[in-house]
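*Asks:* Pasting in a structure now, in structure tokens, and then I'll have a few things to ask.
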Amino acid sequence: MATVYDIIVRPVITERSMASAADKKYVFEVARDAGKIEVKKAVEEIFGVKVKSVNTLTVLGKGKRMGGGRPGTTKTWKKAYVQLTEDSKAIEFFEGMV
């Protein structure tokens with residue numbers, strides 16, 4: 001059984017994700033085998049907030065050249081967009097970054 005810290009790998013910090021943080025929408029990298037319900041429960045338990053909805057997508061790895069021109073790829077990973085309810089508090093981790 002995976003812990004909540006195994007499900008949520010890291011927050012995704014980009015200009016686009018920080019702009020949506022004002023609307024209580026946050027982006028996280030999650031475990032590839034995690035479902036929407038598991039992501040929802042993990043975010044609620046870690047940050048103490050109420051989640052309205054979760055959307056997930058798989059980001060495919062890009063082709064890269066690895067040492068000496070040999071082909072390779074970056075890793076494929078899963079991204080989760082988390083929308084909090086209106087009455088929920090904001091996640092403090094993202095407060096100073098906006």
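Please note that chains go A, B, ... in the order of the structure tokens, that every chain numbers its residues from 1, and that ligands are numbered from 1 in the order shown.
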Just the residues within 10 Å of Val51 of chain A, please, counting only C-alpha atoms, with nothing from its chain fewer than 5 positions along; format it as a PyMOL selection string.
*Replies:* chain A and resi 24-25+39-41+43-44+82-86+88
*Asks:* Where does DSSP see strand (DSSP E) in chain A, if you list the residues as a ChimeraX atom specification?
*Replies:* /A:8-11,25-30,51-59,63-66,70-73,77-84
*Asks:* Would you write out those residues with C-alpha atoms, as a tab-separated table (two decimals), in the first residue's frame?
*Replies:*
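New file again-v4.tsv:
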```tsv
chain	number	residue	atom	x	y	z
A	8	ILE	CA	2.19	13.05	-4.66
A	9	VAL	CA	5.72	13.22	-6.09
A	10	ARG	CA	6.22	17.00	-6.34
A	11	PRO	CA	4.40	20.23	-7.20
A	25	LYS	CA	-6.06	25.29	-9.05
A	26	TYR	CA	-2.80	23.47	-8.40
A	27	VAL	CA	-0.63	21.13	-10.49
A	28	PHE	CA	1.26	18.13	-9.10
A	29	GLU	CA	3.41	15.35	-10.50
A	30	VAL	CA	1.87	12.11	-9.23
A	51	VAL	CA	-10.78	19.01	-3.27
A	52	LYS	CA	-13.54	19.74	-5.78
A	53	SER	CA	-12.14	17.90	-8.82
A	54	VAL	CA	-9.02	16.19	-10.15
A	55	ASN	CA	-7.97	15.91	-13.79
A	56	THR	CA	-5.00	13.74	-14.76
A	57	LEU	CA	-2.92	13.30	-17.88
A	58	THR	CA	0.14	11.34	-18.88
A	59	VAL	CA	3.05	13.40	-20.22
A	63	GLY	CA	13.28	11.86	-27.56
A	64	LYS	CA	16.79	12.96	-26.62
A	65	ARG	CA	20.32	12.19	-27.73
A	66	MET	CA	22.34	10.54	-24.98
A	70	ARG	CA	22.72	7.55	-29.23
A	71	PRO	CA	18.95	7.87	-29.05
A	72	GLY	CA	17.11	7.81	-25.75
A	73	THR	CA	14.04	9.30	-24.10
A	77	TRP	CA	5.23	10.95	-16.02
A	78	LYS	CA	1.72	11.72	-14.81
A	79	LYS	CA	0.38	15.19	-14.05
A	80	ALA	CA	-2.67	16.02	-11.91
A	81	TYR	CA	-4.65	19.27	-11.98
A	82	VAL	CA	-6.37	19.74	-8.60
A	83	GLN	CA	-9.28	22.21	-8.15
A	84	LEU	CA	-10.15	23.13	-4.57
```
*Asks:* I'd like the neighbourhood of Phe94 of chain A as a list in words, where a residue qualifies if any of its atoms comes within 9 Å (using only C-alpha atoms), though same-chain residues fewer than 5 positions away should be ignored.
*Replies:*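 Result of the neighbour search: Ile13, Met18, Ala21 and Tyr26 of chain A.
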*Asks:* So how many Å separate atom CA of Thr76 of chain A and atom CA of Ser17 of chain A, to one decimal?
*Replies:*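 Separating atom CA of Thr76 of chain A from atom CA of Ser17 of chain A is a distance of 19.5 Å.
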*Asks:* Per DSSP on the backbone, filter chain A down to the residues in alpha helix (DSSP H) and report them as a ChimeraX atom specification.
*Replies:* /A:4-7,15-20,36-47
*Asks:* Report, in Å with one decimal, the straight-line distance from atom CA of Val4 of chain A to atom CA of Ser20 of chain A.
*Replies:*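 Distance between the two atoms: 23.6 Å.
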*Asks:* Enter the distance from atom CA of Gly48 of chain A to atom CA of Ala19 of chain A, in Å, rounded to one decimal.
*Replies:*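 Separating atom CA of Gly48 of chain A from atom CA of Ala19 of chain A is a distance of 21.8 Å.
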*Asks:* Pick from A:Gly68, A:Lys75, A:Lys50, A:Ile7: nearest to Lys36 of chain A, with only C-alpha atoms counted?
*Replies:* A:Ile7
